[in-house]
Amino acid sequence: MTLLDGKGLSKTIKAEIANEVERLVASGGKRPHLAAVLVGDDPASHVYVRNKVRSCEQSGFESTLVQKPDDISEEELLRVIDGLNRDEDIDGFIVQLPLPKHIDAEKVTLAIDHRKDVDGFHPMNFGRMALGLSSYVPATPLGILTLLERHGVETSGKSCAVIGRSNIVGTPISILLSRKAKIGNATVTLLHSRSQNADEILAASDIIVAAIGIPNYVKAHMVKEGAVIVDVGINRVDDASAKRGYRLVGDVDFEAVKDKCSCITPVPGGVGPMTVTALLMNTLRAAKEEIYH
């Protein structure tokens, strides 16, 4: 069994990006600038954003953090987004989710200029991705593709099951793995809460992408011998023996399946670090105006 080490690969790619940024600046180009909007005091969101800011520093990017209280009005937040859209120094920005319940996340996503939408959530980018056109690919799916490619995982002609149909992970990765591309050409089944015979479909799949948000959902009987498993889930489960009283587990029962699969992502240290790295990859493309001129 091979661990698909996202943490180690993330460091390698960030070093590559940093070198490219220095060459870009030395030749008279602009240093990439990523901004993040953080609303409220959600602890997990603070950790995610802090990791993104640190990754910007490691990659030679400029970064800006815009923090707003959780009682900010939707109108005020939209004004913040409009200001970032207009700021020519900022190449790309993200609005960290989740947002407070009184703010319409869809309205916020639509307000972001698609040319700065380095999270890849705007319909313009999602639609271009679905059509196979150049776009900002959603960060987690792009991180997964990069992880598979850099580890030499073959996807062409393989059967792939994706569990979970969110617009952030499940739906886009199902499209990407089925398209005609180097990491693609798979036959993909998208499973969800209404799917019948899910266990049998999983057990017949060469590749499993688990993004359902249920701790340890994928058990040994659902995994084919030699399968490749990408575990997107990151869930807190109580553990009195752990220092913080909990531990992080994925959507896959790692201990139960590790001896059956050929490759698997660890949790933590698998897909998570690659999501942040993919955000940097998109921001670099934005700074170089590779997609929208």
# chains A, B, ... in the order shown; residues from 1 in each chain; ligands from 1
>>> residues_around(residues="A:Asn216", least_positions_apart="6", cutoff="10 Å", atoms="only C-alpha atoms", output="PyMOL selection string")
chain A and resi 210+231+233-235+249-256
>>> write_last_selection(atoms="N, CA and C atoms", output="compact mmCIF listing (two decimals), in the first residue's frame")
# COMPACT_ATOMS: atom_id res chain seq x y z
N ALA A 210 -13.97 9.54 -1.86
CA ALA A 210 -14.96 9.62 -0.78
C ALA A 210 -15.08 11.05 -0.28
N ASP A 231 -9.48 10.01 -0.04
CA ASP A 231 -10.37 10.32 1.08
C ASP A 231 -10.39 11.83 1.31
N GLY A 233 -12.75 13.40 3.12
CA GLY A 233 -13.38 13.73 4.39
C GLY A 233 -12.39 14.11 5.48
N ILE A 234 -12.83 15.01 6.34
CA ILE A 234 -12.06 15.31 7.54
C ILE A 234 -13.08 15.58 8.64
N ASN A 235 -13.19 14.62 9.56
CA ASN A 235 -14.24 14.64 10.58
C ASN A 235 -13.63 14.53 11.97
N VAL A 249 -10.59 11.95 11.50
CA VAL A 249 -10.68 10.77 10.65
C VAL A 249 -11.33 11.17 9.33
N GLY A 250 -11.13 10.35 8.32
CA GLY A 250 -11.72 10.62 7.02
C GLY A 250 -13.07 9.96 6.85
N ASP A 251 -13.52 9.91 5.61
CA ASP A 251 -14.76 9.22 5.27
C ASP A 251 -14.51 7.74 5.01
N VAL A 252 -13.24 7.34 5.09
CA VAL A 252 -12.83 5.96 4.85
C VAL A 252 -12.25 5.38 6.14
N ASP A 253 -12.63 4.17 6.45
CA ASP A 253 -12.08 3.47 7.61
C ASP A 253 -10.66 3.01 7.25
N PHE A 254 -9.71 3.87 7.51
CA PHE A 254 -8.33 3.67 7.05
C PHE A 254 -7.76 2.33 7.52
N GLU A 255 -7.88 2.04 8.79
CA GLU A 255 -7.29 0.81 9.33
C GLU A 255 -7.91 -0.44 8.70
N ALA A 256 -9.19 -0.36 8.37
CA ALA A 256 -9.88 -1.52 7.81
C ALA A 256 -9.53 -1.78 6.35
>>> select_by_dssp(residues="stretch 40-69 of chain A", states="alpha helix (DSSP H)", output="list of chain:residue names")
A:Pro43, A:Ala44, A:Ser45, A:His46, A:Val47, A:Tyr48, A:Val49, A:Arg50, A:Asn51, A:Lys52, A:Val53, A:Arg54, A:Ser55, A:Cys56, A:Glu57, A:Gln58
>>> write_last_selection(atoms="C-alpha atoms", output="CSV table (one decimal), in the first residue's frame")
chain,number,residue,atom,x,y,z
A,43,PRO,CA,-12.4,28.2,14.6
A,44,ALA,CA,-12.0,25.8,11.7
A,45,SER,CA,-12.3,28.7,9.2
A,46,HIS,CA,-9.6,30.6,11.1
A,47,VAL,CA,-7.3,27.6,10.8
A,48,TYR,CA,-8.0,27.2,7.1
A,49,VAL,CA,-7.4,30.9,6.4
A,50,ARG,CA,-4.2,31.0,8.5
A,51,ASN,CA,-2.9,28.0,6.5
A,52,LYS,CA,-3.6,29.8,3.3
A,53,VAL,CA,-1.9,33.0,4.4
A,54,ARG,CA,1.2,31.0,5.5
A,55,SER,CA,1.2,29.1,2.2
A,56,CYS,CA,1.2,32.4,0.4
A,57,GLU,CA,4.3,33.5,2.3
A,58,GLN,CA,6.0,30.2,1.5
>>> closest_residue(among="A:Arg247, A:Val39, A:Asp87, A:Val21", to="A:Gln67", atoms="only C-alpha atoms")
A:Val39
>>> atom_distance(atom1="atom CA of A:Val169", atom2="atom CA of A:Thr2")
23.2 Å
>>> closest_residue(among="A:Val137, A:Met1, A:Ile144, A:Ala18", to="A:Asp259", atoms="only C-alpha atoms")
A:Met1
>>> select_by_dssp(residues="stretch 1-160 of chain A", states="strand (DSSP E or B)", output="count of residues only")
23
>>> closest_residue(among="A:Ile112, A:Leu99, A:Glu200, A:Val66", to="A:Leu78", atoms="only C-alpha atoms")
A:Ile112
>>> decode(residues="stretch 96-116 of chain A", atoms="N, CA and C atoms", output="short mmCIF file (atom, residue, chain, number, x, y, z; two decimals), in the first residue's frame")
data_model
loop_
_atom_site.label_atom_id
_atom_site.label_comp_id
_atom_site.auth_asym_id
_atom_site.auth_seq_id
_atom_site.Cartn_x
_atom_site.Cartn_y
_atom_site.Cartn_z
N GLN A 96 -14.17 32.78 2.57
CA GLN A 96 -14.16 31.51 3.32
C GLN A 96 -15.57 31.09 3.72
N LEU A 97 -15.90 29.85 3.42
CA LEU A 97 -17.19 29.29 3.83
C LEU A 97 -16.98 28.42 5.07
N PRO A 98 -18.01 28.21 5.90
CA PRO A 98 -19.38 28.70 5.74
C PRO A 98 -19.52 30.16 6.16
N LEU A 99 -20.58 30.79 5.64
CA LEU A 99 -20.93 32.16 6.02
C LEU A 99 -22.08 32.12 7.03
N PRO A 100 -22.25 33.20 7.80
CA PRO A 100 -23.40 33.25 8.73
C PRO A 100 -24.72 33.03 7.99
N LYS A 101 -25.71 32.49 8.69
CA LYS A 101 -26.95 32.07 8.05
C LYS A 101 -27.72 33.21 7.39
N HIS A 102 -27.52 34.44 7.86
CA HIS A 102 -28.28 35.56 7.27
C HIS A 102 -27.69 36.04 5.95
N ILE A 103 -26.58 35.44 5.53
CA ILE A 103 -25.94 35.83 4.26
C ILE A 103 -26.14 34.72 3.23
N ASP A 104 -26.58 35.08 2.05
CA ASP A 104 -26.83 34.14 0.96
C ASP A 104 -25.50 33.81 0.29
N ALA A 105 -24.98 32.61 0.54
CA ALA A 105 -23.67 32.23 0.00
C ALA A 105 -23.67 32.23 -1.53
N GLU A 106 -24.81 31.85 -2.12
CA GLU A 106 -24.90 31.84 -3.59
C GLU A 106 -24.79 33.25 -4.16
N LYS A 107 -25.44 34.20 -3.51
CA LYS A 107 -25.37 35.59 -3.96
C LYS A 107 -23.93 36.11 -3.85
N VAL A 108 -23.24 35.71 -2.79
CA VAL A 108 -21.85 36.11 -2.60
C VAL A 108 -20.97 35.52 -3.70
N THR A 109 -21.16 34.24 -4.01
CA THR A 109 -20.37 33.59 -5.06
C THR A 109 -20.58 34.28 -6.40
N LEU A 110 -21.82 34.62 -6.71
CA LEU A 110 -22.13 35.27 -7.99
C LEU A 110 -21.56 36.68 -8.07
N ALA A 111 -21.34 37.30 -6.89
CA ALA A 111 -20.81 38.68 -6.87
C ALA A 111 -19.31 38.73 -7.15
N ILE A 112 -18.62 37.61 -6.98
CA ILE A 112 -17.17 37.58 -7.21
C ILE A 112 -16.89 37.64 -8.70
N ASP A 113 -15.99 38.51 -9.11
CA ASP A 113 -15.57 38.58 -10.51
C ASP A 113 -14.96 37.23 -10.91
N HIS A 114 -15.52 36.60 -11.94
CA HIS A 114 -15.05 35.25 -12.30
C HIS A 114 -13.58 35.23 -12.66
N ARG A 115 -13.03 36.39 -13.04
CA ARG A 115 -11.60 36.46 -13.39
C ARG A 115 -10.72 36.42 -12.15
N LYS A 116 -11.33 36.62 -10.97
CA LYS A 116 -10.59 36.56 -9.70
C LYS A 116 -11.05 35.41 -8.83
#
